[in-house]
Amino acid sequence: MATPQVDPARYREVIGSFATGVAIVTAHDDDGPAGLTTNAVTSLSLDPLLLLVCFDNGSRTLPIVQAARRFAVNVLHAGQEELARVFASKRVAEEKFEAATHTVAHGVPVLDDALAWIACDLESLTPAGDHSIGIGRVTHMSAGDGPAAATEPLLFFRGGFGRLAPTPPSER
């Protein structure tokens, strides 16, 4: 049976109806930190703890992740839209990291103001179209250590950033 032709632009528009979180994936090598913005992150397994991240094959961060065999997923909070844009740009890594303070923890750059972060050892990298699917084994993580106001995640929906409307306590 033949597969009908699907317009990639229409696919992008339709899949954009699936709201996702926004994260910055970081890695570190001898030249310093590198990072990119993504919304293609998901929990994969609880036993063992595995995380899935999709990397654009043209990304300058991907070779650093491959060489370092480690990466971090820094979950962004509402209000970090500009930081997401900076890390989504083609700026060089040094310029990207001028926009965010970070520390190197467990061998990976961790953004100081992230809503949460997860450090992983790279288990595997599988080519898939114009991206590569990275599977990371979770080694360290933290959430809630940022500023008190950073409780809302940054969302991506239909090509733009959004916020989660919190449910009032009376409706929980």
# chains A, B, ... in the order shown; residues from 1 in each chain; ligands from 1

$ select_by_dssp --residues "region 85-150 of chain A" --states "helix (DSSP H, G or I)" --output "mmCIF file with C-alpha atoms, in the first residue's frame"
data_model
loop_
_atom_site.group_PDB
_atom_site.id
_atom_site.type_symbol
_atom_site.label_atom_id
_atom_site.label_comp_id
_atom_site.auth_asym_id
_atom_site.auth_seq_id
_atom_site.Cartn_x
_atom_site.Cartn_y
_atom_site.Cartn_z
ATOM 1 C CA ARG A 85 15.992 32.092 21.368
ATOM 2 C CA VAL A 86 19.692 32.700 22.013
ATOM 3 C CA PHE A 87 20.444 28.976 22.318
ATOM 4 C CA ALA A 88 18.277 28.244 19.246
ATOM 5 C CA ALA A 93 28.820 28.760 21.957
ATOM 6 C CA GLU A 94 30.797 31.486 23.718
ATOM 7 C CA GLU A 95 28.158 34.078 22.791
ATOM 8 C CA LYS A 96 25.317 31.794 23.859
ATOM 9 C CA PHE A 97 26.819 31.247 27.291
ATOM 10 C CA GLU A 98 27.306 35.001 27.779
#

$ closest_atom_pairs --of "region 65-153 of chain A" --to "region 46-52 of chain A" --cutoff "8 Å" --atoms "only C-alpha atoms" --output "JSON lines"
{"residue": "A:Cys120", "atom": "CA", "partner": "A:Leu51", "partner_atom": "CA", "distance": 7.9}
{"residue": "A:Ile133", "atom": "CA", "partner": "A:Leu52", "partner_atom": "CA", "distance": 6.9}
{"residue": "A:Gly134", "atom": "CA", "partner": "A:Leu52", "partner_atom": "CA", "distance": 5.7}
{"residue": "A:Ile135", "atom": "CA", "partner": "A:Leu52", "partner_atom": "CA", "distance": 4.7}
{"residue": "A:Gly136", "atom": "CA", "partner": "A:Leu51", "partner_atom": "CA", "distance": 5.1}
{"residue": "A:Arg137", "atom": "CA", "partner": "A:Leu50", "partner_atom": "CA", "distance": 4.7}
{"residue": "A:Val138", "atom": "CA", "partner": "A:Leu49", "partner_atom": "CA", "distance": 5.5}

$ select_by_dssp --residues "chain A" --states "strand (DSSP E or B)" --output "number ranges by chain"
A: 20-21, 23-29, 32-38, 41-46, 49-56, 70-75, 77, 102-105, 108-111, 116-128, 131-143, 153-157, 160-163

$ residues_around --residues "His102 (chain A)" --least-positions-apart "6" --cutoff "10 Å" --atoms "only C-alpha atoms" --output "PyMOL selection string"
chain A and resi 33+108-114

$ write_last_selection --atoms "C-alpha atoms" --output "compact mmCIF listing (two decimals), in the first residue's frame"
# COMPACT_ATOMS: atom_id res chain seq x y z
CA PRO A 33 30.53 24.64 26.92
CA VAL A 108 28.17 19.09 32.18
CA PRO A 109 27.14 22.77 32.08
CA VAL A 110 24.14 23.37 34.33
CA LEU A 111 22.31 26.67 33.89
CA ASP A 112 22.03 28.49 37.22
CA ASP A 113 18.49 29.71 36.60
CA ALA A 114 16.97 26.52 35.14

$ closest_residue --among "A:Gly162, A:Val22, A:Glu171, A:Ser59" --to "Lys90 (chain A)" --atoms "only C-alpha atoms"
A:Ser59

$ atom_distance --atom1 "CA of Phe157 (chain A)" --atom2 "CA of Arg12 (chain A)"
11.1 Å

$ closest_residue --among "A:Asp121, A:Glu152, A:Asp7, A:Asp30" --to "Ile64 (chain A)" --atoms "only C-alpha atoms"
A:Asp30

$ closest_residue --among "A:Ala128, A:Ala100, A:Leu122, A:Ala72" --to "Cys54 (chain A)" --atoms "only C-alpha atoms"
A:Ala128

$ residues_around --residues "Gly160 (chain A)" --least-positions-apart "6" --cutoff "10 Å" --atoms "only C-alpha atoms" --output "list in words"
Gly16, Ala19 and Glu81 of chain A

$ write_last_selection --atoms "C-alpha atoms" --output "mmCIF file, in the first residue's frame"
data_model
loop_
_atom_site.group_PDB
_atom_site.id
_atom_site.type_symbol
_atom_site.label_atom_id
_atom_site.label_comp_id
_atom_site.auth_asym_id
_atom_site.auth_seq_id
_atom_site.Cartn_x
_atom_site.Cartn_y
_atom_site.Cartn_z
ATOM 1 C CA GLY A 16 2.837 22.043 16.772
ATOM 2 C CA ALA A 19 2.467 21.475 23.548
ATOM 3 C CA GLU A 81 11.958 32.975 26.175
#

$ atom_distance --atom1 "CA of Leu115 (chain A)" --atom2 "CA of Ala34 (chain A)"
19.1 Å

$ closest_residue --among "A:Asn39, A:Ser45, A:Gln66, A:Ser17" --to "Ser132 (chain A)" --atoms "only C-alpha atoms"
A:Gln66

$ decode --residues "region 12-142 of chain A" --atoms "C-alpha atoms" --output "PDB file, in the first residue's frame"
ATOM      1  CA  ARG A  12       5.063  20.920  11.367  1.00  0.00           C
ATOM      2  CA  GLU A  13       1.896  22.995  11.796  1.00  0.00           C
ATOM      3  CA  VAL A  14      -0.163  20.004  12.972  1.00  0.00           C
ATOM      4  CA  ILE A  15       2.473  18.539  15.326  1.00  0.00           C
ATOM      5  CA  GLY A  16       2.837  22.043  16.772  1.00  0.00           C
ATOM      6  CA  SER A  17      -0.563  21.456  18.384  1.00  0.00           C
ATOM      7  CA  PHE A  18       1.235  19.145  20.805  1.00  0.00           C
ATOM      8  CA  ALA A  19       2.467  21.475  23.548  1.00  0.00           C
ATOM      9  CA  THR A  20       5.937  20.683  24.867  1.00  0.00           C
ATOM     10  CA  GLY A  21       8.355  22.003  27.409  1.00  0.00           C
ATOM     11  CA  VAL A  22      11.445  23.915  26.327  1.00  0.00           C
ATOM     12  CA  ALA A  23      14.943  22.869  27.338  1.00  0.00           C
ATOM     13  CA  ILE A  24      18.552  23.737  26.637  1.00  0.00           C
ATOM     14  CA  VAL A  25      20.794  20.735  26.135  1.00  0.00           C
ATOM     15  CA  THR A  26      24.392  21.414  27.148  1.00  0.00           C
ATOM     16  CA  ALA A  27      27.697  19.596  26.935  1.00  0.00           C
ATOM     17  CA  HIS A  28      31.317  20.475  27.658  1.00  0.00           C
ATOM     18  CA  ASP A  29      34.616  19.725  25.931  1.00  0.00           C
ATOM     19  CA  ASP A  30      38.162  21.112  25.980  1.00  0.00           C
ATOM     20  CA  ASP A  31      36.992  24.244  24.129  1.00  0.00           C
ATOM     21  CA  GLY A  32      34.297  24.971  26.713  1.00  0.00           C
ATOM     22  CA  PRO A  33      30.534  24.636  26.917  1.00  0.00           C
ATOM     23  CA  ALA A  34      28.098  24.163  24.036  1.00  0.00           C
ATOM     24  CA  GLY A  35      24.329  24.131  23.947  1.00  0.00           C
ATOM     25  CA  LEU A  36      21.132  24.165  21.938  1.00  0.00           C
ATOM     26  CA  THR A  37      17.432  24.739  22.503  1.00  0.00           C
ATOM     27  CA  THR A  38      15.078  21.814  22.005  1.00  0.00           C
ATOM     28  CA  ASN A  39      11.585  20.689  22.748  1.00  0.00           C
ATOM     29  CA  ALA A  40      12.281  17.094  21.687  1.00  0.00           C
ATOM     30  CA  VAL A  41      12.947  15.648  25.144  1.00  0.00           C
ATOM     31  CA  THR A  42      11.087  12.875  26.930  1.00  0.00           C
ATOM     32  CA  SER A  43      11.436  10.443  29.773  1.00  0.00           C
ATOM     33  CA  LEU A  44      12.076   7.024  28.277  1.00  0.00           C
ATOM     34  CA  SER A  45      12.462   4.533  31.124  1.00  0.00           C
ATOM     35  CA  LEU A  46      12.352   4.334  34.907  1.00  0.00           C
ATOM     36  CA  ASP A  47      14.358   1.101  35.135  1.00  0.00           C
ATOM     37  CA  PRO A  48      16.994   2.043  34.229  1.00  0.00           C
ATOM     38  CA  LEU A  49      16.499   5.818  34.307  1.00  0.00           C
ATOM     39  CA  LEU A  50      16.750   6.856  30.647  1.00  0.00           C
ATOM     40  CA  LEU A  51      15.990  10.108  28.862  1.00  0.00           C
ATOM     41  CA  LEU A  52      15.538  10.678  25.113  1.00  0.00           C
ATOM     42  CA  VAL A  53      16.735  13.821  23.305  1.00  0.00           C
ATOM     43  CA  CYS A  54      16.625  14.514  19.577  1.00  0.00           C
ATOM     44  CA  PHE A  55      19.559  16.449  18.073  1.00  0.00           C
ATOM     45  CA  ASP A  56      19.523  18.213  14.701  1.00  0.00           C
ATOM     46  CA  ASN A  57      22.309  16.591  12.677  1.00  0.00           C
ATOM     47  CA  GLY A  58      23.559  20.059  11.681  1.00  0.00           C
ATOM     48  CA  SER A  59      23.942  21.169  15.296  1.00  0.00           C
ATOM     49  CA  ARG A  60      27.385  22.224  16.488  1.00  0.00           C
ATOM     50  CA  THR A  61      26.485  20.786  19.911  1.00  0.00           C
ATOM     51  CA  LEU A  62      25.946  17.232  18.635  1.00  0.00           C
ATOM     52  CA  PRO A  63      29.654  16.465  17.965  1.00  0.00           C
ATOM     53  CA  ILE A  64      30.511  17.765  21.448  1.00  0.00           C
ATOM     54  CA  VAL A  65      27.911  15.468  23.012  1.00  0.00           C
ATOM     55  CA  GLN A  66      29.306  12.589  20.944  1.00  0.00           C
ATOM     56  CA  ALA A  67      32.869  13.298  22.087  1.00  0.00           C
ATOM     57  CA  ALA A  68      32.054  14.048  25.728  1.00  0.00           C
ATOM     58  CA  ARG A  69      29.580  11.136  26.014  1.00  0.00           C
ATOM     59  CA  ARG A  70      27.661  13.298  28.524  1.00  0.00           C
ATOM     60  CA  PHE A  71      25.012  15.998  28.343  1.00  0.00           C
ATOM     61  CA  ALA A  72      22.566  17.905  30.515  1.00  0.00           C
ATOM     62  CA  VAL A  73      18.964  18.851  29.871  1.00  0.00           C
ATOM     63  CA  ASN A  74      18.183  22.231  31.462  1.00  0.00           C
ATOM     64  CA  VAL A  75      14.405  22.761  31.710  1.00  0.00           C
ATOM     65  CA  LEU A  76      13.447  26.397  31.161  1.00  0.00           C
ATOM     66  CA  HIS A  77      10.878  28.353  33.132  1.00  0.00           C
ATOM     67  CA  ALA A  78       8.389  30.979  31.993  1.00  0.00           C
ATOM     68  CA  GLY A  79      10.242  34.212  31.397  1.00  0.00           C
ATOM     69  CA  GLN A  80      13.250  32.554  29.718  1.00  0.00           C
ATOM     70  CA  GLU A  81      11.958  32.975  26.175  1.00  0.00           C
ATOM     71  CA  GLU A  82      14.912  35.151  25.144  1.00  0.00           C
ATOM     72  CA  LEU A  83      17.393  32.597  26.506  1.00  0.00           C
ATOM     73  CA  ALA A  84      15.633  29.907  24.459  1.00  0.00           C
ATOM     74  CA  ARG A  85      15.992  32.092  21.368  1.00  0.00           C
ATOM     75  CA  VAL A  86      19.692  32.700  22.013  1.00  0.00           C
ATOM     76  CA  PHE A  87      20.444  28.976  22.318  1.00  0.00           C
ATOM     77  CA  ALA A  88      18.277  28.244  19.246  1.00  0.00           C
ATOM     78  CA  SER A  89      20.339  30.697  17.196  1.00  0.00           C
ATOM     79  CA  LYS A  90      23.452  29.989  15.142  1.00  0.00           C
ATOM     80  CA  ARG A  91      25.584  32.103  17.490  1.00  0.00           C
ATOM     81  CA  VAL A  92      28.853  30.535  18.591  1.00  0.00           C
ATOM     82  CA  ALA A  93      28.820  28.760  21.957  1.00  0.00           C
ATOM     83  CA  GLU A  94      30.797  31.486  23.718  1.00  0.00           C
ATOM     84  CA  GLU A  95      28.158  34.078  22.791  1.00  0.00           C
ATOM     85  CA  LYS A  96      25.317  31.794  23.859  1.00  0.00           C
ATOM     86  CA  PHE A  97      26.819  31.247  27.291  1.00  0.00           C
ATOM     87  CA  GLU A  98      27.306  35.001  27.779  1.00  0.00           C
ATOM     88  CA  ALA A  99      23.487  35.089  28.067  1.00  0.00           C
ATOM     89  CA  ALA A 100      23.330  32.608  30.960  1.00  0.00           C
ATOM     90  CA  THR A 101      25.361  31.947  34.048  1.00  0.00           C
ATOM     91  CA  HIS A 102      26.202  28.322  34.642  1.00  0.00           C
ATOM     92  CA  THR A 103      28.353  25.944  36.597  1.00  0.00           C
ATOM     93  CA  VAL A 104      29.929  22.715  35.452  1.00  0.00           C
ATOM     94  CA  ALA A 105      28.430  19.983  37.613  1.00  0.00           C
ATOM     95  CA  HIS A 106      29.033  16.289  37.071  1.00  0.00           C
ATOM     96  CA  GLY A 107      30.941  17.088  33.869  1.00  0.00           C
ATOM     97  CA  VAL A 108      28.167  19.089  32.184  1.00  0.00           C
ATOM     98  CA  PRO A 109      27.143  22.769  32.081  1.00  0.00           C
ATOM     99  CA  VAL A 110      24.140  23.370  34.328  1.00  0.00           C
ATOM    100  CA  LEU A 111      22.306  26.666  33.892  1.00  0.00           C
ATOM    101  CA  ASP A 112      22.034  28.490  37.215  1.00  0.00           C
ATOM    102  CA  ASP A 113      18.489  29.709  36.603  1.00  0.00           C
ATOM    103  CA  ALA A 114      16.966  26.516  35.142  1.00  0.00           C
ATOM    104  CA  LEU A 115      13.663  25.251  36.497  1.00  0.00           C
ATOM    105  CA  ALA A 116      15.268  21.788  36.673  1.00  0.00           C
ATOM    106  CA  TRP A 117      18.234  19.960  35.182  1.00  0.00           C
ATOM    107  CA  ILE A 118      19.139  16.354  34.434  1.00  0.00           C
ATOM    108  CA  ALA A 119      22.692  15.137  33.740  1.00  0.00           C
ATOM    109  CA  CYS A 120      23.106  12.036  31.588  1.00  0.00           C
ATOM    110  CA  ASP A 121      25.765   9.722  30.235  1.00  0.00           C
ATOM    111  CA  LEU A 122      25.207   9.139  26.521  1.00  0.00           C
ATOM    112  CA  GLU A 123      24.080   5.519  26.073  1.00  0.00           C
ATOM    113  CA  SER A 124      23.395   5.574  22.346  1.00  0.00           C
ATOM    114  CA  LEU A 125      22.915   7.815  19.349  1.00  0.00           C
ATOM    115  CA  THR A 126      20.739   6.605  16.472  1.00  0.00           C
ATOM    116  CA  PRO A 127      20.398   8.391  13.116  1.00  0.00           C
ATOM    117  CA  ALA A 128      16.776   9.217  12.261  1.00  0.00           C
ATOM    118  CA  GLY A 129      16.179  11.442   9.237  1.00  0.00           C
ATOM    119  CA  ASP A 130      17.631  14.919   9.738  1.00  0.00           C
ATOM    120  CA  HIS A 131      18.054  14.282  13.475  1.00  0.00           C
ATOM    121  CA  SER A 132      19.806  11.809  15.761  1.00  0.00           C
ATOM    122  CA  ILE A 133      18.059  10.231  18.720  1.00  0.00           C
ATOM    123  CA  GLY A 134      20.188  10.381  21.844  1.00  0.00           C
ATOM    124  CA  ILE A 135      19.484   8.100  24.775  1.00  0.00           C
ATOM    125  CA  GLY A 136      20.976   9.257  28.054  1.00  0.00           C
ATOM    126  CA  ARG A 137      21.345   7.350  31.316  1.00  0.00           C
ATOM    127  CA  VAL A 138      20.390   9.733  34.124  1.00  0.00           C
ATOM    128  CA  THR A 139      23.227  10.237  36.613  1.00  0.00           C
ATOM    129  CA  HIS A 140      22.255  13.415  38.513  1.00  0.00           C
ATOM    130  CA  MET A 141      19.313  15.801  38.657  1.00  0.00           C
ATOM    131  CA  SER A 142      17.823  18.690  40.551  1.00  0.00           C
TER     132      SER A 142
END
